[in-house]
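Source file: target-v8.cif (mmCIF, C-alpha atoms and all ligand atoms)
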data_coords
#
loop_
_atom_site.label_atom_id
_atom_site.label_comp_id
_atom_site.auth_asym_id
_atom_site.auth_seq_id
_atom_site.Cartn_x
_atom_site.Cartn_y
_atom_site.Cartn_z
CA MET P 1079 0.00 0.00 0.00
CA LEU P 1080 1.25 3.46 -0.91
CA ILE P 1081 0.87 5.86 2.01
CA LEU P 1082 1.32 9.59 1.41
CA THR P 1083 1.34 12.57 3.75
CA CYS P 1084 0.00 15.74 2.19
CA PRO P 1085 2.32 18.69 2.95
CA ASN P 1086 -0.55 21.16 2.52
CA CYS P 1087 -2.93 19.83 5.17
CA GLY P 1088 -0.71 17.41 7.08
CA GLN P 1089 -3.07 14.44 6.68
CA THR P 1090 -1.70 10.97 6.07
CA GLY P 1091 -3.78 8.76 3.83
CA GLU P 1092 -3.43 5.81 1.53
CA GLU P 1093 -3.26 6.06 -2.21
CA THR P 1094 -7.00 6.10 -2.96
CA GLU P 1095 -7.49 9.39 -1.09
CA PHE P 1096 -5.14 11.01 -3.63
CA HIS P 1097 -4.98 11.27 -7.40
CA ALA P 1098 -1.79 10.66 -9.33
CA GLY P 1099 -0.88 13.65 -11.48
CA GLY P 1100 1.84 12.11 -13.64
CA GLU P 1101 5.55 12.74 -13.90
CA ALA P 1102 7.06 15.65 -11.97
CA HIS P 1103 9.13 18.57 -13.27
CA LEU P 1104 8.15 18.44 -16.94
CA LYS P 1105 9.25 21.48 -18.85
CA ARG P 1106 6.58 22.73 -21.19
CA PHE P 1107 7.43 23.24 -24.86
CA GLY P 1108 4.68 25.06 -26.71
CA PRO P 1109 4.21 27.04 -29.93
CA GLY P 1110 7.49 27.89 -31.60
CA SER P 1111 9.43 24.96 -30.11
CA THR P 1112 11.13 22.33 -32.23
CA ASP P 1113 9.22 19.19 -33.17
CA ASP P 1114 11.57 17.09 -31.05
CA ASP P 1115 11.08 19.24 -27.93
CA PHE P 1116 7.34 19.30 -28.44
CA GLU P 1117 7.19 15.52 -28.89
CA GLY P 1118 9.32 15.03 -25.77
CA TYR P 1119 7.10 17.28 -23.72
CA LEU P 1120 3.91 15.61 -24.90
CA PHE P 1121 4.84 11.94 -25.00
CA MET P 1122 8.22 11.02 -23.54
CA ARG P 1123 7.95 9.84 -19.93
CA GLU P 1124 10.22 8.12 -17.48
CA ASN P 1125 9.20 4.61 -16.45
CA PRO P 1126 11.83 3.71 -13.86
CA LYS P 1127 12.22 0.67 -11.71
CA GLY P 1128 13.17 2.39 -8.48
CA VAL P 1129 13.44 6.11 -7.72
CA HIS P 1130 10.66 8.18 -9.29
CA PHE P 1131 9.33 11.72 -8.96
CA GLU P 1132 5.63 12.40 -9.36
CA ARG P 1133 2.91 15.00 -8.91
CA TRP P 1134 -0.02 14.07 -6.67
CA ARG P 1135 -3.23 15.83 -5.76
CA HIS P 1136 -5.02 15.38 -2.43
CA ALA P 1137 -8.25 14.87 -4.34
CA TYR P 1138 -10.51 13.70 -1.49
CA GLY P 1139 -8.82 15.90 1.10
CA CYS P 1140 -7.67 19.51 0.88
CA GLY P 1141 -7.64 19.44 -2.93
CA LYS P 1142 -4.07 20.74 -3.22
CA TRP P 1143 -1.16 19.52 -5.35
CA PHE P 1144 2.24 18.41 -4.11
CA HIS P 1145 5.32 16.46 -5.25
CA ALA P 1146 6.39 13.03 -4.07
CA ALA P 1147 9.61 11.06 -4.48
CA ARG P 1148 9.11 7.35 -4.12
CA CYS P 1149 10.36 3.91 -5.10
CA THR P 1150 8.23 2.19 -7.74
CA THR P 1151 9.23 -1.28 -6.57
CA THR P 1152 8.88 -1.01 -2.79
CA LEU P 1153 6.43 1.93 -2.59
CA GLU P 1154 8.77 3.53 -0.06
CA VAL P 1155 8.18 7.28 0.00
CA PHE P 1156 11.51 9.13 0.18
CA GLY P 1157 9.94 12.51 0.64
CA ILE P 1158 7.08 14.89 -0.07
CA TYR P 1159 7.66 18.47 -1.16
CA SER P 1160 5.96 21.60 -2.42
CA ALA P 1161 4.24 21.71 -5.80
CA GLN P 1162 5.70 25.17 -6.40
CA VAL P 1163 9.23 24.09 -7.33
CA THR P 1164 10.88 22.98 -10.59
CA GLU P 1165 13.30 20.50 -9.07
CA PRO P 1166 13.49 18.27 -5.97
CA PRO P 1167 15.16 19.83 -2.88
CA LYS P 1168 18.84 18.96 -2.50
CA GLU P 1169 18.30 17.64 1.00
CA LEU P 1170 15.81 15.11 -0.41
CA CYS P 1171 18.18 14.01 -3.18
CA ASP P 1172 20.87 13.44 -0.53
CA ARG P 1173 18.50 11.32 1.50
CA ILE P 1174 17.67 9.22 -1.57
CA THR P 1175 21.40 8.76 -2.27
CA GLU P 1176 21.82 7.31 1.22
CA LYS P 1177 19.14 4.73 0.48
CA ARG P 1178 19.72 4.13 -3.25
CA PRO P 1179 23.38 4.94 -3.97
CA GLY P 1180 24.00 5.77 -7.60
CA TRP P 1181 20.41 6.60 -8.46
CA SER P 1182 19.61 8.99 -11.29
CA TRP P 1183 16.41 10.30 -12.80
CA ARG P 1184 16.43 12.62 -15.79
CA ALA P 1185 18.86 15.42 -14.91
CA PHE P 1186 18.82 14.66 -11.19
CA SER P 1187 21.01 12.31 -9.19
CA MET D 1498 -42.61 29.98 -1.60
CA SER D 1499 -41.59 26.37 -1.15
CA SER D 1500 -40.11 25.32 2.18
CA ALA D 1501 -36.57 23.99 2.29
CA THR D 1502 -36.09 20.35 3.26
CA SER D 1503 -32.99 18.30 3.90
CA ALA D 1504 -31.89 15.71 1.34
CA LEU D 1505 -33.59 12.69 2.94
CA ASN D 1506 -36.22 14.46 5.02
CA GLY D 1507 -34.60 13.51 8.32
CA ALA D 1508 -34.33 9.78 7.59
CA THR D 1509 -33.19 7.67 10.50
CA TRP D 1510 -32.19 4.03 11.00
CA SER D 1511 -31.39 2.19 14.20
CA ASP D 1512 -31.79 -1.52 13.48
CA GLY D 1513 -28.09 -2.32 13.61
CA ILE D 1514 -24.94 -1.81 15.65
CA ALA D 1515 -25.06 2.00 15.27
CA THR D 1516 -27.70 4.64 14.66
CA VAL D 1517 -27.76 6.67 11.45
CA THR D 1518 -29.71 9.92 11.47
CA GLU D 1519 -29.90 12.63 8.87
CA ALA D 1520 -29.36 15.94 10.65
CA PRO D 1521 -31.78 18.82 10.10
CA LEU D 1522 -30.84 21.56 7.64
CA GLN D 1523 -27.49 23.03 8.62
CA GLY D 1524 -26.29 26.45 7.52
CA MET D 1525 -22.88 26.22 5.83
CA ILE D 1526 -20.76 28.99 4.40
CA THR D 1527 -17.57 28.36 2.46
CA LEU D 1528 -14.97 31.02 3.17
CA ARG D 1529 -11.80 31.15 1.11
CA GLY D 1530 -8.95 33.56 1.64
CA ALA D 1531 -5.53 33.93 3.25
CA PHE D 1532 -5.67 32.84 6.90
CA SER D 1533 -2.79 35.20 7.62
CA ASP D 1534 -5.24 38.04 7.09
CA ALA D 1535 -6.96 39.09 10.30
CA LYS D 1536 -10.13 40.01 8.40
CA VAL D 1537 -10.57 36.46 7.12
CA LYS D 1538 -10.29 35.03 10.61
CA LYS D 1539 -12.59 37.66 12.02
CA ALA D 1540 -15.20 37.05 9.32
CA ALA D 1541 -15.35 33.39 10.37
CA THR D 1542 -15.15 33.74 14.14
CA SER D 1543 -17.60 36.65 14.37
CA VAL D 1544 -20.51 34.71 12.86
CA ALA D 1545 -19.63 31.23 14.18
CA GLY D 1546 -18.98 32.39 17.74
CA VAL D 1547 -16.11 29.95 18.22
CA ASP D 1548 -12.32 30.25 18.03
CA MET D 1549 -10.43 29.73 14.80
CA PRO D 1550 -9.48 26.02 14.58
CA GLY D 1551 -5.94 24.88 13.88
CA GLN D 1552 -4.89 22.84 10.84
CA GLY D 1553 -6.99 19.67 10.55
CA GLN D 1554 -9.28 20.73 13.38
CA ALA D 1555 -12.88 21.82 13.85
CA ASN D 1556 -14.49 23.83 16.63
CA CYS D 1557 -18.18 22.98 16.59
CA VAL D 1558 -20.86 23.67 19.19
CA GLU D 1559 -24.39 22.54 18.34
CA THR D 1560 -25.18 24.16 14.98
CA ARG D 1561 -22.34 26.67 15.04
CA GLY D 1562 -18.71 26.06 14.23
CA ILE D 1563 -15.67 26.42 12.01
CA CYS D 1564 -14.06 23.52 10.14
CA TRP D 1565 -10.53 23.74 8.69
CA MET D 1566 -10.93 22.52 5.09
CA SER D 1567 -7.58 23.40 3.50
CA PRO D 1568 -4.82 26.01 3.90
CA ASP D 1569 -7.10 28.62 2.33
CA GLU D 1570 -10.62 27.33 3.00
CA LEU D 1571 -12.91 27.25 6.03
CA LEU D 1572 -16.40 25.86 6.40
CA VAL D 1573 -18.40 28.12 8.67
CA LEU D 1574 -21.44 26.51 10.34
CA CYS D 1575 -24.40 28.49 11.61
CA PRO D 1576 -28.17 28.01 11.96
CA TYR D 1577 -29.75 27.52 8.51
CA ASP D 1578 -32.02 30.57 8.68
CA THR D 1579 -29.15 32.92 9.59
CA VAL D 1580 -26.95 32.17 6.57
CA GLY D 1581 -28.11 35.16 4.50
CA THR D 1582 -27.52 37.75 7.22
CA ASN D 1583 -24.27 36.08 8.26
CA ILE D 1584 -22.87 36.26 4.73
CA GLU D 1585 -23.68 39.98 4.67
CA LYS D 1586 -21.89 40.39 8.01
CA MET D 1587 -18.87 38.43 6.76
CA GLN D 1588 -18.67 40.44 3.56
CA ALA D 1589 -18.80 43.65 5.57
CA VAL D 1590 -15.84 42.40 7.65
CA LEU D 1591 -13.91 41.23 4.57
CA GLY D 1592 -14.38 44.47 2.67
CA ASP D 1593 -12.26 44.46 -0.49
CA GLN D 1594 -9.91 41.79 0.86
CA HIS D 1595 -9.37 39.11 -1.83
CA SER D 1596 -11.69 36.35 -0.61
CA LEU D 1597 -14.76 34.27 -1.37
CA CYS D 1598 -17.79 33.74 0.82
CA VAL D 1599 -20.68 31.61 -0.43
CA ASP D 1600 -23.76 29.75 0.86
CA VAL D 1601 -23.33 26.00 0.34
CA SER D 1602 -26.01 24.84 2.82
CA ASP D 1603 -28.25 23.31 0.14
CA ALA D 1604 -25.33 21.56 -1.56
CA ARG D 1605 -24.67 19.25 1.38
CA GLY D 1606 -26.12 16.33 3.30
CA VAL D 1607 -25.34 15.89 7.01
CA PHE D 1608 -25.52 12.66 9.00
CA ASP D 1609 -24.94 11.65 12.60
CA LEU D 1610 -23.50 8.19 13.15
CA SER D 1611 -23.86 7.33 16.82
CA GLY D 1612 -23.53 4.61 19.39
CA PRO D 1613 -20.66 2.74 21.06
CA ARG D 1614 -19.89 1.01 17.73
CA ALA D 1615 -19.96 4.21 15.62
CA ARG D 1616 -16.16 4.38 15.45
CA GLU D 1617 -15.98 0.84 14.22
CA VAL D 1618 -18.68 1.36 11.58
CA LEU D 1619 -16.98 4.45 10.19
CA ALA D 1620 -13.61 2.69 10.16
CA LYS D 1621 -15.03 0.18 7.68
CA LEU D 1622 -15.69 2.97 5.19
CA VAL D 1623 -12.83 5.45 5.32
CA PRO D 1624 -9.04 5.02 4.84
CA VAL D 1625 -8.35 6.81 8.12
CA ASP D 1626 -6.86 5.58 11.38
CA LEU D 1627 -9.85 5.81 13.72
CA ALA D 1628 -8.23 4.22 16.78
CA PRO D 1629 -9.53 6.07 19.86
CA ASP D 1630 -6.09 7.52 20.60
CA GLN D 1631 -5.53 8.55 16.96
CA PHE D 1632 -8.79 10.23 15.96
CA THR D 1633 -9.80 12.41 18.87
CA PHE D 1634 -12.25 15.13 19.79
CA GLY D 1635 -11.56 18.36 17.87
CA MET D 1636 -10.09 16.68 14.78
CA PHE D 1637 -11.66 17.21 11.38
CA ARG D 1638 -10.99 14.94 8.43
CA ARG D 1639 -11.82 15.23 4.73
CA THR D 1640 -11.48 11.90 3.00
CA ARG D 1641 -13.09 9.27 0.82
CA MET D 1642 -16.08 7.29 2.11
CA ALA D 1643 -16.29 4.21 -0.12
CA GLN D 1644 -16.76 5.89 -3.52
CA VAL D 1645 -17.61 9.48 -2.55
CA PRO D 1646 -15.93 12.42 -0.79
CA ALA D 1647 -16.91 13.06 2.82
CA ALA D 1648 -15.78 14.97 5.88
CA PHE D 1649 -16.37 14.18 9.53
CA TRP D 1650 -15.57 15.04 13.11
CA LEU D 1651 -16.47 13.73 16.57
CA HIS D 1652 -19.44 15.89 17.47
CA GLU D 1653 -20.06 14.26 20.84
CA ASP D 1654 -18.74 11.16 22.56
CA ASP D 1655 -19.63 8.23 20.29
CA THR D 1656 -21.23 10.50 17.67
CA PHE D 1657 -19.56 11.33 14.38
CA ARG D 1658 -21.05 14.11 12.29
CA ILE D 1659 -20.53 13.44 8.59
CA ILE D 1660 -20.88 15.89 5.70
CA CYS D 1661 -21.30 14.76 2.09
CA PHE D 1662 -22.60 16.19 -1.17
CA ARG D 1663 -26.39 16.43 -1.21
CA SER D 1664 -26.66 14.50 -4.48
CA GLN D 1665 -24.86 11.60 -2.77
CA ALA D 1666 -26.88 11.65 0.46
CA GLN D 1667 -28.88 8.52 -0.34
CA TYR D 1668 -25.70 6.65 -1.24
CA VAL D 1669 -24.04 7.70 2.03
CA PHE D 1670 -27.13 6.78 4.08
CA ASP D 1671 -27.29 3.33 2.46
CA LEU D 1672 -23.56 2.91 2.90
CA LEU D 1673 -23.69 3.65 6.64
CA ILE D 1674 -26.62 1.27 7.07
CA THR D 1675 -24.75 -1.48 5.24
CA ALA D 1676 -21.68 -0.98 7.44
CA ALA D 1677 -23.85 -1.06 10.58
CA GLN D 1678 -25.78 -4.26 9.86
CA PRO D 1679 -26.66 -6.36 12.92
CA GLY D 1680 -23.96 -8.91 13.68
CA SER D 1681 -21.29 -7.01 11.76
CA ASP D 1682 -19.27 -6.03 14.85
CA VAL D 1683 -15.54 -6.23 14.33
CA ASN D 1684 -14.58 -5.62 17.98
CA PHE D 1685 -11.29 -4.09 16.91
CA PHE D 1686 -11.28 -0.93 19.00
ZN ZN R 1701 -4.04 17.73 1.75
#
Take the structure I supplied and represent it as structure tokens, if you would.
Amino acid sequence: MLILTCPNCGQTGEETEFHAGGEAHLKRFGPGSTDDDFEGYLFMRENPKGVHFERWRHAYGCGKWFHAARCTTTLEVFGIYSAQVTEPPKELCDRITEKRPGWSWRAFS
Amino acid sequence: MSSATSALNGATWSDGIATVTEAPLQGMITLRGAFSDAKVKKAATSVAGVDMPGQGQANCVETRGICWMSPDELLVLCPYDTVGTNIEKMQAVLGDQHSLCVDVSDARGVFDLSGPRAREVLAKLVPVDLAPDQFTFGMFRRTRMAQVPAAFWLHEDDTFRIICFRSQAQYVFDLLITAAQPGSDVNFF
């Protein structure tokens, strides 16, 4: 069972109280971008076995968005952080390194 | 003019291990704004007559109260027939402060789930730790009740007050009855 704690309201709930919002930290490429960038933005997603970064919404709770870093194989949650950032906090990345040495995900490691 | 009625006309059921009663019409005002602003707090506390609750808490006395819904949303409870005048009072307090204040009384259904087994019945339906030392008096929780959104708090000892959408009131009533069927005790708490 995946258990998340919403940083906006402080409630801890299991997965069904939340709604998955897809991959975190996508950079939007819109009108005027190259075809490759636009394709990457629209379709290309990470599908890792292990460390993953996602957006979640506390759909049945406070209704707010947040970010989560978790392991796709064990469902361990490494950390939860604000929705209003474009990259995971360094302190969180360090904590993941302690648990999963050598991990990398897109530009982060 | 037609007279307002609650979703299920005060339906009640007590043939199982807990009693389910639809509460009479309850005045509810959604207030959104920045809690850091004194006007927003004052708008809520002045009509509810209770203190501002902390995060994840509710202060409710009879038909008055304030529930903490999210970091920028409160649910203000007051008697049903005072909602109109209370919204005017709140708007006068808020002035031109960026905020929202709206009557949602008729958009909701309210139920009381009561009896010594109420905690156990509710625990069958929501993904929340309802152990007596974990969910205590004063706490307020928005969550999922089977397939629909719901919010609840301990209104009195052994009585949970549950709020749902009015269009889902029959579903919630049936759900509570199903979870409270005779002989369905779990004896966990
Ligand atoms: Zn939340």
query: What does the distance from atom CA of Leu1574 of chain D to atom CA of Ser1602 of chain D come to in Å, to one decimal?
result: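 Atom CA of Leu1574 of chain D sits 9.0 Å away from atom CA of Ser1602 of chain D.
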Just want the residues within 8 Å of ligand ZN 1701 (chain R), written as an mmCIF file with C-alpha atoms, in the coordinates of the input, counting all atoms listed in the file.
data_model
loop_
_atom_site.group_PDB
_atom_site.id
_atom_site.type_symbol
_atom_site.label_atom_id
_atom_site.label_comp_id
_atom_site.auth_asym_id
_atom_site.auth_seq_id
_atom_site.Cartn_x
_atom_site.Cartn_y
_atom_site.Cartn_z
ATOM 1 C CA THR P 1083 1.340 12.570 3.750
ATOM 2 C CA CYS P 1084 0.000 15.740 2.190
ATOM 3 C CA PRO P 1085 2.320 18.690 2.950
ATOM 4 C CA ASN P 1086 -0.550 21.160 2.520
ATOM 5 C CA CYS P 1087 -2.930 19.830 5.170
ATOM 6 C CA GLY P 1088 -0.710 17.410 7.080
ATOM 7 C CA GLN P 1089 -3.070 14.440 6.680
ATOM 8 C CA ARG P 1135 -3.230 15.830 -5.760
ATOM 9 C CA HIS P 1136 -5.020 15.380 -2.430
ATOM 10 C CA ALA P 1137 -8.250 14.870 -4.340
ATOM 11 C CA GLY P 1139 -8.820 15.900 1.100
ATOM 12 C CA CYS P 1140 -7.670 19.510 0.880
ATOM 13 C CA GLY P 1141 -7.640 19.440 -2.930
ATOM 14 C CA LYS P 1142 -4.070 20.740 -3.220
ATOM 15 C CA TRP P 1143 -1.160 19.520 -5.350
ATOM 16 C CA SER D 1567 -7.580 23.400 3.500
#
field: Interface list for chain D, partner chain P, 6 Å threshold, all atoms listed in the file, as a VMD selection string
entry: chain D and resid 1567 1639 to 1641 1646
statement: One residue among D:Met1566, D:Ala1628, D:Met1525, D:Val1544 is nearest to Ala1648 of chain D when using all atoms listed in the file, and that residue is D:Met1566
message: Rounded to one decimal, what separation in Å do you get between atom CA of Leu1170 of chain P and atom CA of Ser1533 of chain D?
response: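 Distance between the two atoms: 28.5 Å.
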query: Could you list as a list in words every residue that has an atom within 8 Å of (-17.5, 15.1, 11.3), using the file's coordinates and counting all atoms listed in the file?
result: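 Checked against the point, the hits come out as Phe1637, Arg1638, Ala1648, Phe1649, Trp1650, Leu1651, His1652, Phe1657, Arg1658, Ile1659 and Ile1660 of chain D.
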field: Point-to-point distance in Å for atom CA of Leu1610 of chain D and atom CA of Phe1634 of chain D
entry: 14.8 Å
message: Which polymer residues, whether protein, DNA or RNA, lie within 9 Å of the coordinate (12.2, 19.4, -17.5) when you count all atoms listed in the file? List them as a ChimeraX atom specification, using the chain letters and numbers from the file.
response: /P:1102-1106,1119,1164-1165,1184-1185
Set out as a tab-separated table a contact list for segment 1528-1632 of chain D and segment 1508-1512 of chain D with a cut-off of 10 Å, giving each residue of segment 1528-1632 of chain D that qualifies its closest atom pair and distance in Å to one decimal, counting only C-alpha atoms, ordered by chain and rising residue number.
residue	atom	partner	partner_atom	distance
D:Phe1608	CA	D:Thr1509	CA	9.3
D:Asp1609	CA	D:Thr1509	CA	9.4
D:Leu1610	CA	D:Trp1510	CA	9.9
D:Ser1611	CA	D:Ser1511	CA	9.5
D:Gly1612	CA	D:Ser1511	CA	9.7
Please save C-alpha atoms of the selected residues as a PDB file, keeping the file's coordinate frame.
ATOM      1  CA  PHE D1608     -25.520  12.660   9.000  1.00  0.00           C
ATOM      2  CA  ASP D1609     -24.940  11.650  12.600  1.00  0.00           C
ATOM      3  CA  LEU D1610     -23.500   8.190  13.150  1.00  0.00           C
ATOM      4  CA  SER D1611     -23.860   7.330  16.820  1.00  0.00           C
ATOM      5  CA  GLY D1612     -23.530   4.610  19.390  1.00  0.00           C
TER       6      GLY D1612
END
task: Would you mind telling me which residue in D:Met1636, D:Leu1627, D:Ala1535, D:Val1558 lies nearest to Val1590 of chain D when using all atoms listed in the file?
output: D:Ala1535
- prompt: For Cys1557 of chain D, which residue out of D:Val1645, D:Val1537, D:Cys1575, D:Ala1620 is the nearest one, using all atoms listed in the file?
  reply: D:Cys1575
I want to know what sits within 10 Å of Gln1523 of chain D, based on all atoms listed in the file, with residues of the same chain fewer than 2 positions away left out; could you give that as a PDB file with C-alpha atoms, in the coordinates of the input?
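What ended up in part08.pdb:
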ATOM      1  CA  SER D1503     -32.990  18.300   3.900  1.00  0.00           C
ATOM      2  CA  ALA D1520     -29.360  15.940  10.650  1.00  0.00           C
ATOM      3  CA  PRO D1521     -31.780  18.820  10.100  1.00  0.00           C
ATOM      4  CA  MET D1525     -22.880  26.220   5.830  1.00  0.00           C
ATOM      5  CA  ILE D1526     -20.760  28.990   4.400  1.00  0.00           C
ATOM      6  CA  THR D1560     -25.180  24.160  14.980  1.00  0.00           C
ATOM      7  CA  ARG D1561     -22.340  26.670  15.040  1.00  0.00           C
ATOM      8  CA  LEU D1574     -21.440  26.510  10.340  1.00  0.00           C
ATOM      9  CA  CYS D1575     -24.400  28.490  11.610  1.00  0.00           C
ATOM     10  CA  PRO D1576     -28.170  28.010  11.960  1.00  0.00           C
ATOM     11  CA  TYR D1577     -29.750  27.520   8.510  1.00  0.00           C
ATOM     12  CA  ASP D1578     -32.020  30.570   8.680  1.00  0.00           C
ATOM     13  CA  VAL D1580     -26.950  32.170   6.570  1.00  0.00           C
ATOM     14  CA  VAL D1601     -23.330  26.000   0.340  1.00  0.00           C
ATOM     15  CA  SER D1602     -26.010  24.840   2.820  1.00  0.00           C
ATOM     16  CA  ASP D1603     -28.250  23.310   0.140  1.00  0.00           C
ATOM     17  CA  ARG D1605     -24.670  19.250   1.380  1.00  0.00           C
ATOM     18  CA  GLY D1606     -26.120  16.330   3.300  1.00  0.00           C
ATOM     19  CA  VAL D1607     -25.340  15.890   7.010  1.00  0.00           C
TER      20      VAL D1607
END
Need the shell around Val1669 of chain D: protein/DNA/RNA residues with any atom at most 9 Å away, counting only C-alpha atoms. Skip same-chain ones fewer than 4 positions apart. Format as a short mmCIF file (atom, residue, chain, number, x, y, z; two decimals) with C-alpha atoms, in the coordinates of the input?
data_model
loop_
_atom_site.label_atom_id
_atom_site.label_comp_id
_atom_site.auth_asym_id
_atom_site.auth_seq_id
_atom_site.Cartn_x
_atom_site.Cartn_y
_atom_site.Cartn_z
CA GLY D 1606 -26.12 16.33 3.30
CA PHE D 1608 -25.52 12.66 9.00
CA MET D 1642 -16.08 7.29 2.11
CA ALA D 1643 -16.29 4.21 -0.12
CA VAL D 1645 -17.61 9.48 -2.55
CA ALA D 1647 -16.91 13.06 2.82
CA CYS D 1661 -21.30 14.76 2.09
CA GLN D 1665 -24.86 11.60 -2.77
CA LEU D 1673 -23.69 3.65 6.64
CA ILE D 1674 -26.62 1.27 7.07
#
- prompt: Which is closest to Asn1125 of chain P among P:Thr1112, P:Trp1183, P:Ile1174, P:His1097, if we use only C-alpha atoms?
  reply: P:Trp1183
- line: The residue from P:Phe1186, P:Phe1131, P:Gly1110, P:Leu1082 with the smallest atom-to-atom distance to Lys1168 of chain P, counting only C-alpha atoms, is P:Phe1186
